[in-house]
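Undergrad: Handing you this structure, nothing more for now.
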2 protein chains.
Amino acid sequence: MVKKYVYLFGGKGMKAEGSAGMRDILGGKGANLAEMSNLGIPVPPGFTISTEVCRVYFETGGLPKELRQQVLDALERVEKTIGLKFGDSEVPLLFSVRSGARVSMPGMMDTVLNLGLNDDTVRGLIKMSGNERFAYDSYRRFVQMYADVVMGVDAHALEEELEGLKRAKGVKLDTELDALDLKRLVGILKDKVKELTGRDVPSDPMDQLWGAIEAVFNSWNTPRAITYRKLNSIPDDWGTAVNVQAMVFGNMGETSATGVAFTRDPATGERVFFGEYLPNAQGEDVVAGIRTPMPINKVGKKDSSMVSLEEVMPEQYKQLEEIYHTLEGHYRDMQDIEFTIQEGNLWMLQTRTGKRTALAAVKIAVDMVGEGLITKEEALLRVDPNQVDQLLHPMVDPGADKTVIGRGLPASPGAAVGKIVFSAEDAEEVVSGGEEVVLVRFETSPEDIHGMSVAEGILTARGGMTSHAAVVARGMGKCCVVGCHDLSIDYDRQECVIGGYKLKKGDFITLDGAKGEVILGKCPTVEPSFSGAFGTLMQWADEVRKLGVRANADTPRDAEVARNFGAEGIGLCRTEHMFFEGDRIVAVREMILAEDEGGRRRALDKIMPMQVSDFEGIFRVMNGLIVTIRLLDPPLHEFLPKTDEEVEEVARGLNATVEAVKAKRDELREANPMLGHRGCRLGISFPEIYEMQVRAIIEAACRVKKEGVVVKPEIMIPLVGHVNELVILKEMTQKVASEVMDAHGTSLEYSVGTMIELPRAAITADQIAKEAEFFSFGTNDLTQTTFGLSRDDAGRFLPEYVERKVFERDPFMVLDEEGVGYLMEIGLERGRKVRPDLETGICGEHAGEPSSIDFCHRVGLDYVSCSPYRVPVARLAAAHAAINNK
Amino acid sequence: MVKKYVYLFGGKGMKAEGSAGMRDILGGKGANLAEMSNLGIPVPPGFTISTEVCRVYFETGGLPKELRQQVLDALERVEKTIGLKFGDSEVPLLFSVRSGARVSMPGMMDTVLNLGLNDDTVRGLIKMSGNERFAYDSYRRFVQMYADVVMGVDAHALEEELEGLKRAKGVKLDTELDALDLKRLVGILKDKVKELTGRDVPSDPMDQLWGAIEAVFNSWNTPRAITYRKLNSIPDDWGTAVNVQAMVFGNMGETSATGVAFTRDPATGERVFFGEYLPNAQGEDVVAGIRTPMPINKVGKKDSSMVSLEEVMPEQYKQLEEIYHTLEGHYRDMQDIEFTIQEGNLWMLQTRTGKRTALAAVKIAVDMVGEGLITKEEALLRVDPNQVDQLLHPMVDPGADKTVIGRGLPASPGAAVGKIVFSAEDAEEVVSGGEEVVLVRFETSPEDIHGMSVAEGILTARGGMTSHAAVVARGMGKCCVVGCHDLSIDYDRQECVIGGYKLKKGDFITLDGAKGEVILGKCPTVEPSFSGAFGTLMQWADEVRKLGVRANADTPRDAEVARNFGAEGIGLCRTEHMFFEGDRIVAVREMILAEDEGGRRRALDKIMPMQVSDFEGIFRVMNGLIVTIRLLDPPLHEFLPKTDEEVEEVARGLNATVEAVKAKRDELREANPMLGHRGCRLGISFPEIYEMQVRAIIEAACRVKKEGVVVKPEIMIPLVGHVNELVILKEMTQKVASEVMDAHGTSLEYSVGTMIELPRAAITADQIAKEAEFFSFGTNDLTQTTFGLSRDDAGRFLPEYVERKVFERDPFMVLDEEGVGYLMEIGLERGRKVRPDLETGICGEHAGEPSSIDFCHRVGLDYVSCSPYRVPVARLAAAHAAINNK
């Protein structure tokens, strides 16, 4: 039996030989073309040469001998179907020849269009199209493409000939060349190819076809493609298929047209057929924007001067409507379709799931459940959790005119319009005068928090998606663009340059935090509208998900936001931010600068009442829910003053000499603060600090309990690397807690646990779980240590790494399952072996990222804890995870 | 059958009921006392109450009922053996009651001495000893100890009474109190105890005994002991034994004496019996140094005024000689023994393996093989590999008078005497004038290397055992003391203060790198003598070991030292040190400051010939052996100038503005350089740097090959965290190598591998091993990332961590098997699964540390690579590992 290598598709009313399920043999493109055919939808006919041929080709060094006849047979069938003839000078059939692997490898492999043109057939094309210029332009494009892809001619050399011709004619644009010019160009190009290669561009269409097929196969094994596959873990032996498809033309006169449409409104989600077309035009013309497209139907007409396809070609429009219903019914989702009408014949060139705004995504999904088209679970899966974020913030008006002057990383979504300020102090001052500001800094530090909290948005020149500015801004639900390399700042002169524009303090800018754009001046924004559909979808998500969703919140206000967004507790309450607020930073500095434990204790006594009231506020808001409080984590030097002026101020305030303050600062300075004297190491070295914090937590809990508040504190020890650290600090915690409860004559439930944020903690989790009642995976630090990669410094090369696919994704944004995830898995396994009821969660940035949440679901964490504004995202992503891993 | 709880030992000519093998039941102390008895050696008789009683005591809340009779029986046997009677007023038997767990828990549990004294028995003691003051002093000590340990009286309260008495008498020292004073004191103390507790110190010796036994058991469960066990992973249910042993006295007149001896000379290893004694004295007197001890034998007499034990008590001396022969024969090692002669009766109080110098250790071990006493393997095990290090460096004369003015960490052994200088430049200048210097710095940086290399020794105020200064100094085999907190430096004034002494540039100091001491002025030193025994031992080590031993060496000179010390290759040749040498730092800076790739390439072209010649030199020295070369690792900013003056100099040299240089420096500055843009990340970002290095390596190899040198380069890519990094850089390496070999018309074997120094590399070792031909575990960085702990900053708290047993040992010195070791194990397992012939080694500091080498042997590494001066240590340690893990 002869092996089947060639699979037909397309043509009107023909069944394809393949289907969507045959992706391995036909590649993605071939399988989808076949699927459309099988739905009875007219697609230009063609055939797919299977991936198996590719394997044979590389194994044996040649094409299988059975292939030639199969291709010839298929070609004949295509000719019959479309009524044109390959190589014919009257009614020439032209082909596109495209690669198509099992998975998309964008830009990696080659394509040849307009195949079949030569000096004979071009005349047929002129006749059919009535457009000589179009025909010769197609011809010269074919020659250029073929020479490049099949014959290995340097594309620049031919482009140079085109430029030469334009110079000679004294014109600038390709479109200024007329049919005669292009005809001459074809000759010039052919001569050049001959000169460079010693060979002619084949004129025999069959030679052209076989050359193109082999070229596509060969493109599978270019060094570029091999490297791409290695970086993306695509097996070499998958091979590519080759798709040979008839070309159709929408510019063959008044009975021809081309257009694109959406089966529902992609902006709002309304159930209306929505699209544009151009009569007597090619697909590129719609995209190029030279001619203004018309609405596809009467509903879409904005004024009466427009003529819709529905009016001009009612029959084809009706057919199109039927097709869109078929496609929506088949794919059960809103489709984005492309079509061409060639001399009254409608051909579908593409259908794909249509892109849509977040608003539309939610509405379409919920509507389709109502229409009985999809289930609730499918509806949940139809909304990308990342999009939900957009619904919670104001946006830059998509229709507004804007001058984008700089780009950075889209660190936190939303829009911000305000006057430029360069310091936290100025931010506060300008805002107190009733104006809105955007804080512009090289980078931010914990000392800038008061300024960040009053600003509309934050723009930094340095830092990545997990830099201080980015993390804090996301936590505040505040628009933020970081790592804007177009930005330089002169703090002394209070001015900055962004993309060549010099801007002063007080000038207006607008940030688009979803896109990472910096826009000149004030740009209009639109407030988000929470439709009822959104509430419905979130409710469905909660019904389905298994993971708990908590929030990272450090203040009563954050806690309130989190609770309103549906958080079921606080998974991470960082106590260090509290240390910066108001006057307490003075006491904190006093503590750090103290010479001995006694001095530290005196300073801590001042901080204690403030901490108690912080915790009381949070406990009240979270009444009945768990609050996990992390004891002090950052190194002490983070709290010390940085500039000379600040040092002087601190010295005055503390009645110390400037030298003493500077000396202490220098003494505390660290080479690698991330790996330094921080977290529980501080708790071991200076037990009085942690004692004060535990005392404040339990004191606050005892007090609010008397008010009737149900309080569930979890005390979390950060940066544990060895169980002994936890042994010592747990003993301290229990001792202090007992003292406080005894003093109040009450008792309350609390638990003591730890962050798992160092590889060693994960590896020795069995030992640690003997002491810890809960684990919270701190995947920010765990990623830093597992990769040996500093979040603060990664901006220097990580973007390039991601772009070049050295790392598939930024590991600070998407949890690295192989490395960091492995440590989480053994941490969980070992921890649970010792303590089966161990409570487990994650509180790194990944806790708000959908694919990471999927991982958290798979490994069986109890909850994720993300910034308040990510809570809805996490709820939906957790639902996705539950459905996808059923 | 009644359970046996009590085990007798000691007395002359009696077999003990226990033995050394019964440590679990008798505890360590009890088992050893039994062992000596069994050798027929007279030890003061006594009995051990087993650990099982401890378990019963805590389970049931009381002592087992069978115990009383067993103790009474044992007591009677002891009385008979020694001829004294417990509680007798004529010939009172006194006991010591001591704890003794399976493993030593120093200072954790309690002891009561002189038990059995009361107002009656003290009279017997006076009679027997003829020393009333001694008897009352023993009595008052007993009361204090008993009240503290058994009755829970605060020790300070009783000490206060003693002080009160001294004040009343107007004396300062305890020794100024006479017998009458002490007798009064006993009464005062008893009254005080009654006042504080409402109870009397029991006068009945049996009550005393039972009280002490219970107190010892209770001391097992003090919070302090529980925490200690937790920190040291000692199971709670092991329990402690109680040792009740008759006390003997060497101060009962002229037929009594006490002394200590070594069975061979502990300084030189010569085979002579060596010791000191005091007639009519107690053990404390020898230690206290109030009386000058006499030599034990005629051989030891330094002048004729001395009277040896051999002359005074020839019979007992002869017995002692027999015992020492027995003990050496039994333990088959040099012994350190303590004895007491009570009225002509010789009692052995202790025997233990004697401490000895490195010199003695080697000589004794090799001699004992010659004597047929031990095997070669045993001889190898008798020498601590860490000691060998001492044999390779000059030492501070142990007998010299010295004023120690500061202490730091003993970072690199040896002695250094020289004039103080505060900069690398001054070091070079002073040394070029023919003088010797000690370089004194806050800390050192790669720029100081030229100064370090000419200095006799290096002293720093900051840093730990693996700080830059420590690592480089060990690599150079140069004396170094780091982290000396007693040191403050004023660079401007060119002076420093060490432990209160102000010293100027040019003043002499001496460093003892083995002890970490800073000594005022010039202190005499002694050169090491390599005895023939040392060579013999090293040869035996090489016969036995399985691990290869390579060295970390960056220069031909280092390579030569390494080869002379027996290195079998270079496991780590760091190329960055080469970048600092001479004029090339200028070209390196030019490269870093270049605006684009072209500029970098021009600068690299200048560096290339120098790198080639570096490698040629190393290859020639290592002819026939493997040389593993690591491509550039540190972040580029390490090469940039630091002070303003340096910046100006660089700017002049490069024809750039000071601002431009500073701006570049600021731009490159990193928050956490350890986790920054370094290692292979540089190779990805700036491929031209690695290309130059590979070109230089292969170029050099091709050239020396023509000279007939056998060259085996291994090219090592540092800091790989993801296989894709290696994919890209290996491709680059192979491409460049082929080009160079083609140009030379030759080919040579080389391999490409990687460091495993990030947790993620270990976890994904299966992927990485597909590309890497060898793994070298970089355990310095792996420890930093696994613990999340910066070597440079750990000094701030790590010493306290080790002291408090939070970490059992400094993980930068001793490989952390649980955490870092686990990652090595999975790295090896996964790597070998994919590539069974994967070559594996370790090149971190741990590669020269014996217990870490044992681990490397156990997990089956192919080799360790340490600094040249550690090579002999590693050879011996590898032999130990092979023997111990047979």
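Here's how to read the names in the structure tokens: chain A, B, ... by the order shown, residue numbers from 1 in each chain, ligand numbers from 1 in the order shown.
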Each residue of chain A with at least one atom at most 9 Å from chain B should appear once, together with its nearest atom pair and the corresponding distance in Å (one decimal); atoms considered: only C-alpha atoms; ordering: chain, then increasing residue number; output as a tab-separated table.
TA:
```
residue	atom	partner	partner_atom	distance
A:Thr227	CA	B:Ile728	CA	8.2
A:Lys230	CA	B:Asn724	CA	7.7
A:Leu231	CA	B:Asn724	CA	6.0
A:Leu668	CA	B:Arg796	CA	8.8
A:Arg669	CA	B:Asp793	CA	8.9
A:Glu670	CA	B:Asp793	CA	5.9
A:Ala671	CA	B:Asp792	CA	6.3
A:Asn672	CA	B:Asn672	CA	4.4
A:Pro673	CA	B:Asn672	CA	6.6
A:Met674	CA	B:Asn672	CA	6.6
A:Leu675	CA	B:Leu789	CA	4.4
A:Gly676	CA	B:Asp793	CA	5.6
A:His677	CA	B:Arg796	CA	7.1
A:Arg681	CA	B:Phe797	CA	7.5
A:Leu682	CA	B:Phe797	CA	8.8
A:Ile684	CA	B:Tyr801	CA	8.4
A:Ser685	CA	B:Phe797	CA	7.0
A:Leu719	CA	B:Gly788	CA	8.2
A:Val720	CA	B:Phe787	CA	8.9
A:Gly721	CA	B:Phe787	CA	5.9
A:His722	CA	B:Phe807	CA	7.3
A:Val723	CA	B:Val806	CA	8.4
A:Asn724	CA	B:Val806	CA	5.3
A:Glu725	CA	B:Val806	CA	6.2
A:Val727	CA	B:Lys230	CA	8.0
A:Ile728	CA	B:Thr227	CA	8.4
A:Glu757	CA	B:Gly788	CA	8.7
A:Leu758	CA	B:Gly788	CA	6.0
A:Pro759	CA	B:Thr786	CA	4.9
A:Arg760	CA	B:Gly819	CA	5.1
A:Ala761	CA	B:Phe787	CA	8.1
A:Ala762	CA	B:Gly819	CA	8.9
A:Ile763	CA	B:Gly819	CA	6.1
A:Thr764	CA	B:Gly819	CA	6.9
A:Asp781	CA	B:Gly788	CA	8.6
A:Leu782	CA	B:Gly788	CA	8.8
A:Gln784	CA	B:Leu675	CA	7.7
A:Thr785	CA	B:Thr785	CA	4.9
A:Thr786	CA	B:Pro759	CA	4.9
A:Phe787	CA	B:Arg760	CA	5.7
A:Gly788	CA	B:Leu675	CA	5.0
A:Leu789	CA	B:Leu675	CA	4.4
A:Ser790	CA	B:Leu675	CA	4.8
A:Arg791	CA	B:Leu675	CA	8.6
A:Asp792	CA	B:Ala671	CA	6.3
A:Asp793	CA	B:Gly676	CA	5.7
A:Ala794	CA	B:Gly676	CA	6.6
A:Arg796	CA	B:His677	CA	7.1
A:Phe797	CA	B:Ser685	CA	7.0
A:Glu800	CA	B:Ser685	CA	8.0
A:Tyr801	CA	B:Ile684	CA	8.4
A:Lys805	CA	B:Asn724	CA	8.2
A:Val806	CA	B:Asn724	CA	5.3
A:Phe807	CA	B:His722	CA	7.3
A:Glu818	CA	B:Thr764	CA	7.1
A:Gly819	CA	B:Arg760	CA	5.0
A:Val820	CA	B:Arg760	CA	7.4
A:Tyr822	CA	B:Ile763	CA	7.6
A:Leu823	CA	B:Ile763	CA	8.6
```
Undergrad: Which neighbours of region 214-225 of chain B fall inside 8 Å, counting only C-alpha atoms, when residues of the same chain fewer than 4 positions from it are skipped, and could you give them as a list in words?
TA: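 Here the qualifying residues turn out to be Cys54, Tyr57, Arg98, Ser99, Met108, Met109, Asp110, Thr111, Val149, Val150, Trp210, Arg229, Gly239, Thr240, Ala241 and Val242 of chain B.
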Undergrad: Could you save those same residues with N, CA, C and O atoms as an mmCIF file, in the first residue's frame?
TA:
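Written output follows (selection.cif):
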```cif
data_model
loop_
_atom_site.group_PDB
_atom_site.id
_atom_site.type_symbol
_atom_site.label_atom_id
_atom_site.label_comp_id
_atom_site.auth_asym_id
_atom_site.auth_seq_id
_atom_site.Cartn_x
_atom_site.Cartn_y
_atom_site.Cartn_z
ATOM 1 N N CYS B 54 17.346 6.847 83.948
ATOM 2 C CA CYS B 54 16.916 8.210 83.609
ATOM 3 C C CYS B 54 15.576 8.167 82.874
ATOM 4 O O CYS B 54 14.661 8.934 83.164
ATOM 5 N N TYR B 57 12.889 7.267 85.229
ATOM 6 C CA TYR B 57 12.647 8.397 86.122
ATOM 7 C C TYR B 57 11.679 9.401 85.506
ATOM 8 O O TYR B 57 10.756 9.888 86.150
ATOM 9 N N ARG B 98 28.641 12.509 88.980
ATOM 10 C CA ARG B 98 28.703 13.253 87.717
ATOM 11 C C ARG B 98 27.710 12.683 86.724
ATOM 12 O O ARG B 98 27.476 11.485 86.683
ATOM 13 N N SER B 99 27.220 13.543 85.864
ATOM 14 C CA SER B 99 26.384 13.084 84.750
ATOM 15 C C SER B 99 27.276 12.490 83.673
ATOM 16 O O SER B 99 28.491 12.670 83.684
ATOM 17 N N MET B 108 26.330 21.403 80.270
ATOM 18 C CA MET B 108 24.875 21.382 80.253
ATOM 19 C C MET B 108 24.300 20.780 81.521
ATOM 20 O O MET B 108 23.219 21.115 81.940
ATOM 21 N N MET B 109 25.054 19.817 82.116
ATOM 22 C CA MET B 109 24.483 19.141 83.276
ATOM 23 C C MET B 109 25.403 19.278 84.485
ATOM 24 O O MET B 109 26.481 19.825 84.401
ATOM 25 N N ASP B 110 24.919 18.801 85.618
ATOM 26 C CA ASP B 110 25.551 19.170 86.881
ATOM 27 C C ASP B 110 26.410 18.073 87.499
ATOM 28 O O ASP B 110 26.296 16.898 87.171
ATOM 29 N N THR B 111 27.242 18.504 88.420
ATOM 30 C CA THR B 111 28.196 17.650 89.106
ATOM 31 C C THR B 111 28.225 18.048 90.581
ATOM 32 O O THR B 111 28.115 19.219 90.904
ATOM 33 N N VAL B 149 23.245 22.807 93.174
ATOM 34 C CA VAL B 149 22.820 21.783 92.217
ATOM 35 C C VAL B 149 21.589 21.029 92.708
ATOM 36 O O VAL B 149 20.644 20.797 91.945
ATOM 37 N N VAL B 150 21.573 20.662 93.975
ATOM 38 C CA VAL B 150 20.492 19.794 94.446
ATOM 39 C C VAL B 150 19.342 20.587 95.032
ATOM 40 O O VAL B 150 18.181 20.261 94.833
ATOM 41 N N TRP B 210 21.479 10.322 97.394
ATOM 42 C CA TRP B 210 20.235 10.221 96.611
ATOM 43 C C TRP B 210 19.811 11.573 96.082
ATOM 44 O O TRP B 210 19.310 11.698 94.962
ATOM 45 N N ARG B 229 19.924 20.101 73.253
ATOM 46 C CA ARG B 229 19.679 18.853 72.513
ATOM 47 C C ARG B 229 18.985 19.127 71.195
ATOM 48 O O ARG B 229 19.289 18.525 70.173
ATOM 49 N N GLY B 239 18.655 10.072 77.532
ATOM 50 C CA GLY B 239 18.883 10.170 78.979
ATOM 51 C C GLY B 239 20.359 10.220 79.336
ATOM 52 O O GLY B 239 21.241 10.014 78.494
ATOM 53 N N THR B 240 20.612 10.492 80.613
ATOM 54 C CA THR B 240 22.000 10.527 81.084
ATOM 55 C C THR B 240 22.223 9.407 82.088
ATOM 56 O O THR B 240 21.281 8.972 82.762
ATOM 57 N N ALA B 241 23.466 8.942 82.165
ATOM 58 C CA ALA B 241 23.843 8.038 83.250
ATOM 59 C C ALA B 241 24.353 8.889 84.412
ATOM 60 O O ALA B 241 24.545 10.099 84.270
ATOM 61 N N VAL B 242 24.545 8.253 85.582
ATOM 62 C CA VAL B 242 25.143 8.944 86.722
ATOM 63 C C VAL B 242 26.359 8.140 87.166
ATOM 64 O O VAL B 242 26.245 6.929 87.392
#
```
Undergrad: Tell me, in Å to one decimal, how far CA of Ala769 (chain B) is from CA of Val864 (chain B).
TA: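 Computing it gives 19.2 Å between the two atoms.
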Undergrad: Write down as a PyMOL selection string the residues of region 212-318 of chain B whose backbone DSSP state falls under alpha helix (DSSP H).
TA: chain B and resi 212-219+223-231+283-288+309-312+314-318
Undergrad: Deliver the residues from the most recent selection as a file, using N, CA, C and O atoms, as a short mmCIF file (atom, residue, chain, number, x, y, z; two decimals), in the first residue's frame.
TA:
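The resulting file, again32.cif, is reproduced below:
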```
data_model
loop_
_atom_site.label_atom_id
_atom_site.label_comp_id
_atom_site.auth_asym_id
_atom_site.auth_seq_id
_atom_site.Cartn_x
_atom_site.Cartn_y
_atom_site.Cartn_z
N ALA B 212 21.81 13.92 95.18
CA ALA B 212 22.67 14.25 94.04
C ALA B 212 22.28 13.45 92.81
O ALA B 212 22.28 13.96 91.68
N ILE B 213 21.96 12.17 93.02
CA ILE B 213 21.58 11.33 91.87
C ILE B 213 20.34 11.90 91.18
O ILE B 213 20.30 12.10 89.97
N GLU B 214 19.33 12.24 91.97
CA GLU B 214 18.11 12.80 91.37
C GLU B 214 18.41 14.13 90.69
O GLU B 214 17.87 14.44 89.63
N ALA B 215 19.28 14.91 91.32
CA ALA B 215 19.60 16.22 90.74
C ALA B 215 20.26 16.06 89.37
O ALA B 215 19.98 16.80 88.43
N VAL B 216 21.15 15.06 89.25
CA VAL B 216 21.79 14.83 87.95
C VAL B 216 20.75 14.45 86.91
O VAL B 216 20.72 14.98 85.80
N PHE B 217 19.85 13.55 87.30
CA PHE B 217 18.79 13.19 86.34
C PHE B 217 17.96 14.42 85.97
O PHE B 217 17.66 14.65 84.81
N ASN B 218 17.60 15.21 87.00
CA ASN B 218 16.77 16.38 86.70
C ASN B 218 17.48 17.36 85.77
O ASN B 218 16.84 18.05 84.98
N SER B 219 18.80 17.39 85.87
CA SER B 219 19.52 18.35 85.03
C SER B 219 19.40 17.99 83.54
O SER B 219 19.67 18.81 82.67
N PRO B 223 15.53 23.58 80.82
CA PRO B 223 15.28 24.22 79.52
C PRO B 223 16.57 24.37 78.72
O PRO B 223 16.61 24.15 77.50
N ARG B 224 17.65 24.70 79.43
CA ARG B 224 18.94 24.87 78.77
C ARG B 224 19.38 23.60 78.07
O ARG B 224 19.80 23.59 76.91
N ALA B 225 19.25 22.46 78.78
CA ALA B 225 19.66 21.17 78.21
C ALA B 225 18.75 20.76 77.07
O ALA B 225 19.20 20.23 76.05
N ILE B 226 17.46 21.04 77.22
CA ILE B 226 16.51 20.68 76.16
C ILE B 226 16.83 21.46 74.88
O ILE B 226 16.88 20.90 73.79
N THR B 227 17.06 22.76 75.04
CA THR B 227 17.40 23.59 73.87
C THR B 227 18.70 23.10 73.24
O THR B 227 18.81 22.98 72.02
N TYR B 228 19.67 22.77 74.10
CA TYR B 228 20.94 22.28 73.57
C TYR B 228 20.73 21.02 72.74
O TYR B 228 21.27 20.86 71.65
N ARG B 229 19.92 20.10 73.25
CA ARG B 229 19.68 18.85 72.51
C ARG B 229 18.98 19.13 71.19
O ARG B 229 19.29 18.52 70.17
N LYS B 230 18.03 20.07 71.22
CA LYS B 230 17.32 20.41 70.00
C LYS B 230 18.29 20.96 68.97
O LYS B 230 18.28 20.55 67.80
N LEU B 231 19.14 21.87 69.40
CA LEU B 231 20.09 22.48 68.47
C LEU B 231 21.10 21.46 67.97
O LEU B 231 21.65 21.61 66.89
N GLY B 283 45.50 17.68 92.02
CA GLY B 283 45.53 17.95 90.58
C GLY B 283 45.50 19.43 90.24
O GLY B 283 46.26 19.91 89.40
N GLU B 284 44.62 20.18 90.96
CA GLU B 284 44.50 21.60 90.65
C GLU B 284 45.83 22.32 90.78
O GLU B 284 46.10 23.28 90.08
N ASP B 285 46.65 21.86 91.72
CA ASP B 285 47.90 22.57 91.98
C ASP B 285 48.82 22.55 90.77
O ASP B 285 49.54 23.50 90.49
N VAL B 286 48.82 21.44 90.03
CA VAL B 286 49.66 21.35 88.83
C VAL B 286 49.20 22.37 87.81
O VAL B 286 49.98 23.11 87.22
N VAL B 287 47.88 22.43 87.66
CA VAL B 287 47.32 23.34 86.67
C VAL B 287 47.49 24.80 87.12
O VAL B 287 47.80 25.67 86.31
N ALA B 288 47.27 25.06 88.40
CA ALA B 288 47.26 26.44 88.88
C ALA B 288 48.62 27.11 88.74
O ALA B 288 48.70 28.33 88.64
N LEU B 309 60.16 11.80 89.75
CA LEU B 309 59.34 10.75 90.38
C LEU B 309 60.08 9.42 90.33
O LEU B 309 60.04 8.62 91.25
N GLU B 310 60.78 9.24 89.21
CA GLU B 310 61.55 8.01 89.02
C GLU B 310 62.52 7.78 90.18
O GLU B 310 62.75 6.65 90.62
N GLU B 311 63.07 8.89 90.71
CA GLU B 311 64.03 8.79 91.80
C GLU B 311 63.34 8.69 93.16
O GLU B 311 63.74 7.93 94.02
N VAL B 312 62.24 9.48 93.33
CA VAL B 312 61.58 9.56 94.64
C VAL B 312 60.72 8.33 94.92
O VAL B 312 60.71 7.80 96.02
N PRO B 314 60.42 5.13 93.01
CA PRO B 314 60.80 4.26 91.89
C PRO B 314 59.76 3.17 91.62
O PRO B 314 59.48 2.85 90.47
N GLU B 315 59.16 2.68 92.70
CA GLU B 315 58.20 1.58 92.52
C GLU B 315 56.96 2.05 91.76
O GLU B 315 56.54 1.46 90.78
N GLN B 316 56.42 3.21 92.23
CA GLN B 316 55.22 3.75 91.57
C GLN B 316 55.56 4.18 90.14
O GLN B 316 54.75 4.04 89.24
N TYR B 317 56.81 4.71 89.97
CA TYR B 317 57.20 5.13 88.62
C TYR B 317 57.24 3.93 87.69
O TYR B 317 56.77 3.99 86.55
N LYS B 318 57.77 2.84 88.20
CA LYS B 318 57.86 1.62 87.39
C LYS B 318 56.44 1.16 87.02
O LYS B 318 56.18 0.79 85.87
#
```
Undergrad: All C-alpha atoms, paired in order, least-squares superposition of chain A on chain B: what RMSD does that give?
TA: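 Across all paired C-alpha atoms, the RMSD is 0.3 Å.
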Undergrad: Do a neighbour search on Pro64 (chain A) at 10 Å with only C-alpha atoms, toss out local chain neighbours closer than 4 positions, and write the hits as JSON, numbers by chain.
TA: {"A": [3, 5, 52, 53, 54, 56, 57, 60, 68]}
Undergrad: Go ahead and save the picked residues with N, CA and C atoms, as a short mmCIF file (atom, residue, chain, number, x, y, z; two decimals), in the first residue's frame.
TA:
```
data_model
loop_
_atom_site.label_atom_id
_atom_site.label_comp_id
_atom_site.auth_asym_id
_atom_site.auth_seq_id
_atom_site.Cartn_x
_atom_site.Cartn_y
_atom_site.Cartn_z
N LYS A 3 1.85 4.90 0.85
CA LYS A 3 1.66 5.78 2.00
C LYS A 3 1.02 7.09 1.54
N TYR A 5 0.77 10.89 1.63
CA TYR A 5 1.60 12.03 2.03
C TYR A 5 0.89 13.36 1.81
N GLU A 52 5.50 14.02 7.83
CA GLU A 52 6.27 12.80 7.66
C GLU A 52 7.24 12.93 6.48
N VAL A 53 6.83 13.64 5.47
CA VAL A 53 7.71 13.85 4.32
C VAL A 53 8.98 14.58 4.77
N CYS A 54 8.78 15.52 5.67
CA CYS A 54 9.93 16.27 6.18
C CYS A 54 10.92 15.31 6.85
N VAL A 56 11.26 12.08 6.34
CA VAL A 56 11.89 11.26 5.30
C VAL A 56 12.97 12.05 4.59
N TYR A 57 12.65 13.30 4.30
CA TYR A 57 13.56 14.17 3.56
C TYR A 57 14.91 14.30 4.26
N THR A 60 16.63 10.55 4.52
CA THR A 60 17.15 9.94 3.29
C THR A 60 17.85 10.95 2.41
N ARG A 68 5.69 12.67 -5.79
CA ARG A 68 5.46 13.43 -7.03
C ARG A 68 4.05 13.19 -7.58
#
```
